[in-house]
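Participant: Before I ask anything, here is the structure I am working with.
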4 protein chains.
Amino acid sequence: MNTRVSFIGTGKLGTPMALNLLAAGTFDLTVYNLTPAKARHLVEQGAKLAPTAEDAASDAQIIITVLADDHAVTAVADDSFLSACPPGAIHLSLCIIRPATTEKLAETHARHNVAYVAAPVFGRPEAAAAKRLWICTSGPAAAKTRVRPVLDALGQGVYDFGEDVGAANVVKLAGNFLLTAAIEAMGEAAALAEKNGVPRALLLNMFTQTLFNCPIYNNYAQRIIAADFDNVGFSAKLALKDMRLALDTATASDTPMPILSLLRDRFLTALANDQGHLDASALALRPAQDAGLSWFPNKNVEDRK
Amino acid sequence: MNTRVSFIGTGKLGTPMALNLLAAGTFDLTVYNLTPAKARHLVEQGAKLAPTAEDAASDAQIIITVLADDHAVTAVADDSFLSACPPGAIHLSLCIIRPATTEKLAETHARHNVAYVAAPVFGRPEAAAAKRLWICTSGPAAAKTRVRPVLDALGQGVYDFGEDVGAANVVKLAGNFLLTAAIEAMGEAAALAEKNGVPRALLLNMFTQTLFNCPIYNNYAQRIIAADFDNVGFSAKLALKDMRLALDTATASDTPMPILSLLRDRFLTALANDQGHLDASALALRPAQDAGLSWFPNKNVEDRK
Amino acid sequence: MNTRVSFIGTGKLGTPMALNLLAAGTFDLTVYNLTPAKARHLVEQGAKLAPTAEDAASDAQIIITVLADDHAVTAVADDSFLSACPPGAIHLSLCIIRPATTEKLAETHARHNVAYVAAPVFGRPEAAAAKRLWICTSGPAAAKTRVRPVLDALGQGVYDFGEDVGAANVVKLAGNFLLTAAIEAMGEAAALAEKNGVPRALLLNMFTQTLFNCPIYNNYAQRIIAADFDNVGFSAKLALKDMRLALDTATASDTPMPILSLLRDRFLTALANDQGHLDASALALRPAQDAGLSWFPNKNVEDRK
Amino acid sequence: MNTRVSFIGTGKLGTPMALNLLAAGTFDLTVYNLTPAKARHLVEQGAKLAPTAEDAASDAQIIITVLADDHAVTAVADDSFLSACPPGAIHLSLCIIRPATTEKLAETHARHNVAYVAAPVFGRPEAAAAKRLWICTSGPAAAKTRVRPVLDALGQGVYDFGEDVGAANVVKLAGNFLLTAAIEAMGEAAALAEKNGVPRALLLNMFTQTLFNCPIYNNYAQRIIAADFDNVGFSAKLALKDMRLALDTATASDTPMPILSLLRDRFLTALANDQGHLDASALALRPAQDAGLSWFPNKNVEDRK
C-alpha cells in the first residue's frame, strides 16, 4: 500500500520535487498551494488537490512543506493544522528557516503528537527535477527512518546531523554562506585579473578545471564569465534573506563572521541599487563596479535599469 | 641530444621538481643553491653542481629559478648573471613575485638577449614530487614553446595566459587569494556550526563530498577538522607574503578587495600571536578563537606556545 | 498647579533623572518599578509609589518610561496600560528601541488617544545626575511642547527631529554607532602606536587636546589609556544590543554599513571571550589583542577571567 | 643675529609656512623649489632664492623640507646634499613619510654630522597661514631645542614624542587614520539617517554641537552636509597615499587594523571611479552610493564626471 504524502508549497522548487514523488509510484500524493493554479499541473499528473492546508494534513502520513520563510512555516503549521494531523504523522519540512524557529516548531508539534523532521536541500530547480538534490536531515531518529523513502525519491544523497532538530538548518545556512563567499571571492579575483589584463574567463576556467573543480565554483564561475545574472536560479533578495538568517544564528551564538558581514553588506548594496531581482551571482558585480569595471554583456549595468 | 637545463633554488619545492627533470632522462641538469648542501642529494642523483649562479647560467639553454621573493630573484638575475647567459637562453622563472617586478625583469633580460618566461606553479611539495603541479605561463610565445618539455616533466597541466609576461603571476596571486579565502570561509562556517552543536567534521565532510568536492576544499577541510596545523606545507608567514603581493598588485591597479584585506589582517594577527610558523590553514583558528572555541587537538593553542 | 508625572523604570539611569524632576519642584511624581526596592530612594525623596504600571499611568498627564529594550516597552505599554491612561495623556519614552517599534507603538497609542513622544538621551548616569544629558525628540508637535518643561529639567539641551516618531531613535542609534566607531578607531590607532614604540597615552592625549577635543574622545581615550574597563558605564553587552538595533534598522532600509558590521563582530568576540560585562570601551582591547598586546593594568586580560 | 633657515618645497602648504617665518623677522630665509616660479612670491617678500637644493643647504643652520613622499625626501637629501650642509646643521623634515624611511634618513644624516628632526604637522593650508598648525616632533633632544623657535613661528602647539626619530611620523599616520575613520563613520551614519528620513544636516549638526564638538568632526561634517568635495584641501589621492603608509607601518609591525583596511579599499574605489581628485571627505559618498543615495548638490555625482 502506498504511503500517503501531502505536499504544501508547490512553487518553483516544490513542483519538480512533487513530480518526482508522483513518478516514484509508491506515494499517494495530495497537494496544496495558497494559489491553487500553481498546483494544477500536479493535479493533471495524478495528485489530489486539497482545498486547505488542514485538509492536506488530515489525510497524510507524511506532510512535506516547501515554504518561503520562518513566518510562512509558522503560519501554516499552527494549532489548527497540527490538530488536523493524524496521530503519529510526520511533518517533513524542507524549508530554510532559523534553527531557533525549528526548535520552537518541534516543541509545538510534539504537543500534538506530530514529529518534525528538518530536511533542507541544496540544489536549484533544475537539480530538483533531475533528482540531484543533496539533503540534510535532523530530528527524531524513528521519524527520519520513516521519511527516508521520500527523501530517496527526491535527491541523490542524504546527510544526517542527528536528533537535535535545528542542526540541519545550521548546516543549510552554513552552506549558503560558503557558496556566497565563493561568489564574492571569485568576483574579487576576477576584478583583480581584469584590472591587470587577464580576462576573467581565462582565470576562472583554469581554476574551475583544477583546484576548484566542483559544482559550486563551476556553476557560478560560468555565470560570472557570461555576466548572466538575469537568468535567476536564486535571487539576490533571497540570498540576502539567508545571510540574515545566518547572521541571526551567528549573533545568537556569539559567533563573529566577518565574511558573512561583508556578504550581508554586499547584498544590501545590490538591493539599494535596484539589483535585488538579479541572480545571487550578481554579487560578483560589486567588486567589479568598485574597481570601475562593467561586466553586463554588451553594455553597462546602469544602462539596463 | 639532451637539453641543458640549470636549476637555481633547490629547496623544499625545487628539489622534487629537479628530481623529476633528472628522471625524465632528456635533460642535462646543473644545479645551484646558495647553501650547496641543499643540492647534494641532486648531485648524488646525477646533477652537476655549479659553484655560482653565473656558472649555472653560462652553460644552460634553459635556466630555471625557484626563489623566495622579488628581492631574491632580482638579486640573482643581475647584470653579471644575464651577461653570463648564452645568447638566446631562456630564464624560466617559477618564482611567485609581483607582476610589476616580472615586467621589469623581462625588460632587463631582453637587453641581454635572454627570454624571460613566468611559470608559477600550484601545488605543495608532495604534488611536485608526484608531477601533479598545475603551471601558469606567460611570456614570449617562442620561448614558451621551447620550455614546454620541461614543464611537461614537472606538472600535470599547463595553462597559458599570453605574452604579457606579468599575467601568470597575476593568476598565481589570484589563486592563492582564492584558496586562502576558502580557508577563512570554512573556518567561519565551522565556528558557526560548532557554536550551534554541529561538529565541524560532519559539516565539512558533507560539503567536501558534495558541493565543494575539489582539491582545495578537500585538502584544507581535512586539516581544519584535524586541527593539523603543525604539519606545514605552506606557512602562515609565507601566505602573508603572498597576500601582500596580491594587495600591492590590487593597490597599483585600483582594485579594492575586501576579503583580501581581511585575510591580510588575519595573518597579521596570527604573526602577532606567535602562529606565523603554523600552516596557512591555521587561519581557520582565528574565527574559532574569536568565537571562544579551542581547536588544537587535545589542548588549547595557548598551551602549546 | 504641578504637572502630574509618572516615571516607570527607576534603574541606574532613570533614578537620577527622576530625582531631578523632584528637585525641580514643579512636578508631582509617581514612580513604578518592577522591583519596588529600586524605587524606594525616590519615595523617600517625595515620590508616590504606584503598585502597578497601570496605576502609574492612570493618574498622570505625562508618563515617562526608561526601559531596557523593545520587548520591555511593548510589554509595559499594552492595551490594559493604554486604557488606564487618562485621555490626552502623553507617553514620553526615553527608551532606546528600534525606530520601527516606535512607529508601531505610536499607532497603538493613537488608538487609545495617548500621544507617544520619543526622547532617547545621550549621557551616562553621572551626566543624568548633573542634568547634562542631550535629548533627541520626535513625535507630535503639540505633545512635544507639553513635555518640554520635563525635558528641560533633565538635560542640557534638546534637539528635535520632527513629527516622524521614529526619527529620534534613528539619531540615537546613529550616535551610539558613531561613539563606538570612535572607540574602535582609537583602539586601532593605539595598537599601531604601541607596536611602533609610542605609548598610547602620549598619542591619545595629543589628539584629545587638539583635533579630537570633544566629550566622546576625551572620555573614552582616558578609559583606554587607563585600561579602565571594569568601571562600567555602558557595558559591552548593552552596546552589542544597540549595534544590533542599528543593524536591523540599516537592513530594513537597505543601508550597508561596514564599520557597523565590524563593531557587531567585535562585540560578539568580546562576549564569546567572557568580556561582555566590561565597559564598551573594552572594544579597544580587540585590536590590541589581535596585535599581541596586553593592556589590562599590571596583568594580562586572560589572567583576570 | 638672525638664524639662517632654508626652506625646500614651497607648495600649497610650504608657502604659507615660509611666509610666517619671514613675518617673524628673526630668520634669514633662503628658499628652493624644483619649479622656481613657485618660490617667486616668497622672493618678493624678502626670501633669497637658491638655484639648487645643495645651495639652499650650504648656507643654512636649519634646513626645512616640505616634500611629497618618501621618494622625494630621499632624492633631495642625498649624499651630495648632506655633504653640502654645514657641520652641525639640522634637517627639520615636515614631510609625511614612513617611520622606517625616517630612521634610515636619520642614519645617513648622522654620518654627515647633520641632525634629522621629524616634525610632521596637522592642518590644511588655511591653518598653516593662520599659524594654527599642530606639530609633532621626534629626534635628538638638542636639535629639537634649537629648532623650537622655528616651530613656534609655524604652529599653535608642539607635541614631542621622544628621541626615537620615527615616532612623530607614527603619530602623524595614526592621526590621519583617525580623521579618515571619522569621515567614514559620519558617512555611514548619515546614510543610515537619510534612508530613514532624517536629513544628514540635522543629524551631523546635533553631534558636532554636542558629543563630537571638535575640529575634525566640525570641519568634515560641514563638507559632508554641503557635499562640498570639489573644494579640495586634502585630496582622496593623497589620503590614499597616507593610508598606504599607515598600512605599510602596520604590516611591518604585525598590527591588524580592520578600519584602516576598509579605508584603503574605499579610497581605491574612489580612484577607480574617477573621484581621486575630490577632497578626502568625498569618502562619505561611498556609503551613500552603496545605499543608493546621491549627494552632490543639485545633481548626481555621475553627471559631473
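A note on labels: chains of the C-alpha cells are A, B, ... as shown, every chain counts residues from 1, and ligands are counted from 1 in their shown order.
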Which residues of chain D are close to chain A, meaning at most 9 Å apart when you count only C-alpha atoms, and how do they look as a ChimeraX atom specification?
Facilitator: /D:265-266,268-274,289-293
Participant: Would you please give, as a ChimeraX atom specification, all residues of region 45-271 of chain A that DSSP assigns to alpha helix (DSSP H) based on the backbone?
Facilitator: /A:53-58,70-76,79-84,99-111,125-129,141-154,167-195,200-209,215-226,236-252,258-271
Participant: Can you measure CA of Arg200 (chain D) to CA of Leu263 (chain C) for me? One decimal in Å is fine.
Facilitator: 21.8 Å
Participant: Using Å and a single decimal, report how far CA of Tyr116 (chain D) sits from CA of Pro36 (chain D).
Facilitator: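 Atom-to-atom, CA of Pro36 (chain D) to CA of Tyr116 (chain D), that is 25.3 Å.
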Participant: Identify, on the basis of only C-alpha atoms, every residue whose closest approach to region 60-68 of chain C does not exceed 9 Å; exclude the query and any residue fewer than 3 positions from it along the same chain; express the result as a PyMOL selection string.
Facilitator: chain C and resi 3-11+13-14+28-30+56-57+71-73+85-97+120+146-147
Participant: May I have the residues within 10 Å of region 218-234 of chain B as a ChimeraX atom specification, using only C-alpha atoms and disregarding those fewer than 4 positions away in the same chain?
Facilitator: /A:211-212 /B:12-13,123-126,179-180,182-183,186-187,190,199-205,207-209,212-214,238-239,275,277-285,294-298
Participant: Now that the selection is made, can you save its residues with C-alpha atoms as a compact mmCIF listing (two decimals), in the first residue's frame?
Facilitator:
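Result file follows (part_22.txt):
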```
# COMPACT_ATOMS: atom_id res chain seq x y z
CA LEU A 211 41.98 23.45 -7.83
CA PHE A 212 38.32 24.39 -7.62
CA LYS B 12 61.58 22.16 -0.38
CA LEU B 13 59.74 22.76 -3.62
CA GLY B 123 50.95 22.57 -5.57
CA ARG B 124 52.66 21.65 -2.34
CA PRO B 125 55.96 19.71 -2.27
CA GLU B 126 54.11 16.36 -2.36
CA LEU B 179 42.44 29.28 -1.65
CA THR B 180 43.08 31.41 1.41
CA ALA B 182 38.25 29.32 1.10
CA ILE B 183 40.10 28.53 4.34
CA MET B 186 35.43 27.21 6.04
CA GLY B 187 36.77 28.49 9.34
CA ALA B 190 32.95 25.63 11.11
CA PRO B 199 30.73 19.12 14.83
CA ARG B 200 32.90 20.72 12.15
CA ALA B 201 33.87 17.30 10.82
CA LEU B 202 30.24 16.48 9.96
CA LEU B 203 29.75 19.83 8.31
CA LEU B 204 32.92 19.94 6.27
CA ASN B 205 32.80 16.30 5.25
CA PHE B 207 30.36 19.83 1.78
CA THR B 208 33.61 18.38 0.52
CA GLN B 209 31.76 15.27 -0.65
CA PHE B 212 32.74 21.65 -2.74
CA ASN B 213 34.27 18.37 -3.82
CA CYS B 214 37.57 19.74 -5.16
CA LEU B 238 54.58 32.81 3.52
CA ALA B 239 50.86 33.11 2.97
CA GLN B 275 51.42 31.49 14.96
CA HIS B 277 55.17 29.21 11.78
CA LEU B 278 51.95 27.19 11.54
CA ASP B 279 50.42 26.04 8.27
CA ALA B 280 48.35 28.68 6.45
CA SER B 281 45.27 26.61 7.22
CA ALA B 282 45.68 27.77 10.83
CA LEU B 283 43.89 30.84 9.56
CA ALA B 284 40.78 28.88 10.49
CA LEU B 285 41.80 29.18 14.14
CA SER B 294 39.76 25.99 21.03
CA TRP B 295 40.60 23.53 18.29
CA PHE B 296 44.15 22.34 18.61
CA PRO B 297 43.99 18.59 19.28
CA ASN B 298 43.76 17.70 22.94
```
Participant: Residues near Ala119 (chain D), anyone? I mean within 12 Å using only C-alpha atoms, not counting same-chain ones fewer than 4 positions away, as a PyMOL selection string.
Facilitator: chain D and resi 64-66+91-97+99+102+133-140+143-144+147-148+150-151+154-155+157-162+165-172
Participant: Measuring between only C-alpha atoms, which one of A:Asp70, A:Glu107, A:Glu188, A:Asp242 shows the shortest distance to Asn176 (chain A)?
Facilitator: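 Selected residue with least distance to Asn176 (chain A): A:Asp242.
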Participant: Please identify the strand (DSSP E or B) residues within region 105-281 of chain B (assignment by DSSP from backbone atoms) and present them as a ChimeraX atom specification.
Facilitator: /B:115-118,121-122,133-138,155-160,235,279
Participant: Can you write out the residues you just picked, keeping N, CA, C and O atoms, as an mmCIF file, in the first residue's frame?
Facilitator:
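This is the output file out.cif:
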```cif
data_model
loop_
_atom_site.group_PDB
_atom_site.id
_atom_site.type_symbol
_atom_site.label_atom_id
_atom_site.label_comp_id
_atom_site.auth_asym_id
_atom_site.auth_seq_id
_atom_site.Cartn_x
_atom_site.Cartn_y
_atom_site.Cartn_z
ATOM 1 N N ALA B 115 65.426 35.463 -22.875
ATOM 2 C CA ALA B 115 63.963 35.498 -22.759
ATOM 3 C C ALA B 115 63.556 35.188 -21.325
ATOM 4 O O ALA B 115 64.193 34.373 -20.655
ATOM 5 N N TYR B 116 62.505 35.841 -20.871
ATOM 6 C CA TYR B 116 62.008 35.601 -19.523
ATOM 7 C C TYR B 116 60.613 35.013 -19.641
ATOM 8 O O TYR B 116 59.703 35.627 -20.204
ATOM 9 N N VAL B 117 60.446 33.812 -19.124
ATOM 10 C CA VAL B 117 59.134 33.169 -19.106
ATOM 11 C C VAL B 117 58.713 33.003 -17.646
ATOM 12 O O VAL B 117 59.454 32.441 -16.831
ATOM 13 N N ALA B 118 57.525 33.532 -17.316
ATOM 14 C CA ALA B 118 56.991 33.370 -15.959
ATOM 15 C C ALA B 118 56.167 32.094 -15.920
ATOM 16 O O ALA B 118 55.328 31.870 -16.793
ATOM 17 N N VAL B 121 53.752 27.949 -10.164
ATOM 18 C CA VAL B 121 53.024 26.679 -10.095
ATOM 19 C C VAL B 121 52.093 26.640 -8.888
ATOM 20 O O VAL B 121 52.296 27.345 -7.902
ATOM 21 N N PHE B 122 51.069 25.787 -8.993
ATOM 22 C CA PHE B 122 50.198 25.494 -7.850
ATOM 23 C C PHE B 122 50.480 24.080 -7.390
ATOM 24 O O PHE B 122 50.464 23.144 -8.196
ATOM 25 N N LEU B 133 51.755 19.143 -10.303
ATOM 26 C CA LEU B 133 51.626 20.597 -10.260
ATOM 27 C C LEU B 133 50.748 21.086 -11.408
ATOM 28 O O LEU B 133 50.677 20.455 -12.468
ATOM 29 N N TRP B 134 50.080 22.230 -11.147
ATOM 30 C CA TRP B 134 49.426 22.967 -12.227
ATOM 31 C C TRP B 134 50.298 24.183 -12.492
ATOM 32 O O TRP B 134 50.729 24.855 -11.560
ATOM 33 N N ILE B 135 50.565 24.449 -13.772
ATOM 34 C CA ILE B 135 51.517 25.504 -14.110
ATOM 35 C C ILE B 135 50.839 26.586 -14.940
ATOM 36 O O ILE B 135 50.124 26.280 -15.894
ATOM 37 N N CYS B 136 51.087 27.852 -14.557
ATOM 38 C CA CYS B 136 50.577 29.007 -15.327
ATOM 39 C C CYS B 136 51.762 29.617 -16.073
ATOM 40 O O CYS B 136 52.809 29.836 -15.453
ATOM 41 N N THR B 137 51.589 29.948 -17.319
ATOM 42 C CA THR B 137 52.700 30.572 -18.040
ATOM 43 C C THR B 137 52.285 31.892 -18.672
ATOM 44 O O THR B 137 51.125 32.112 -19.006
ATOM 45 N N SER B 138 53.301 32.754 -18.824
ATOM 46 C CA SER B 138 53.144 33.951 -19.650
ATOM 47 C C SER B 138 54.518 34.392 -20.101
ATOM 48 O O SER B 138 55.521 34.124 -19.435
ATOM 49 N N GLY B 155 54.695 18.922 -14.284
ATOM 50 C CA GLY B 155 53.323 19.039 -13.791
ATOM 51 C C GLY B 155 52.330 18.230 -14.582
ATOM 52 O O GLY B 155 52.676 17.522 -15.528
ATOM 53 N N GLN B 156 51.074 18.363 -14.163
ATOM 54 C CA GLN B 156 50.010 17.618 -14.852
ATOM 55 C C GLN B 156 49.268 18.455 -15.875
ATOM 56 O O GLN B 156 48.419 17.946 -16.601
ATOM 57 N N GLY B 157 49.584 19.754 -15.939
ATOM 58 C CA GLY B 157 48.890 20.584 -16.907
ATOM 59 C C GLY B 157 49.452 21.987 -16.934
ATOM 60 O O GLY B 157 49.964 22.476 -15.920
ATOM 61 N N VAL B 158 49.389 22.617 -18.097
ATOM 62 C CA VAL B 158 49.891 23.974 -18.269
ATOM 63 C C VAL B 158 48.751 24.851 -18.782
ATOM 64 O O VAL B 158 48.055 24.481 -19.726
ATOM 65 N N TYR B 159 48.560 25.995 -18.144
ATOM 66 C CA TYR B 159 47.591 26.980 -18.623
ATOM 67 C C TYR B 159 48.364 28.219 -19.036
ATOM 68 O O TYR B 159 49.140 28.754 -18.252
ATOM 69 N N ASP B 160 48.148 28.653 -20.255
ATOM 70 C CA ASP B 160 48.891 29.812 -20.730
ATOM 71 C C ASP B 160 48.039 31.077 -20.680
ATOM 72 O O ASP B 160 46.845 31.056 -20.992
ATOM 73 N N SER B 235 53.454 27.938 5.011
ATOM 74 C CA SER B 235 53.317 28.569 6.328
ATOM 75 C C SER B 235 52.482 29.843 6.276
ATOM 76 O O SER B 235 52.382 30.509 5.242
ATOM 77 N N ASP B 279 50.906 26.108 9.632
ATOM 78 C CA ASP B 279 50.418 26.045 8.265
ATOM 79 C C ASP B 279 49.377 27.143 8.030
ATOM 80 O O ASP B 279 48.662 27.544 8.958
#
```
Participant: What is the CA of Asn113 (chain C)-CA of Thr74 (chain C) distance in Å, reported with one decimal?
Facilitator: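 Atom-to-atom, CA of Asn113 (chain C) and CA of Thr74 (chain C) are spaced 16.9 Å apart.
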Participant: Near Arg40 (chain B), counting only C-alpha atoms, which residues have an atom at most 12 Å away, once you skip same-chain residues fewer than 3 positions from it, shown as a ChimeraX atom specification?
Facilitator: /B:10-11,15,19,30-37,43-50
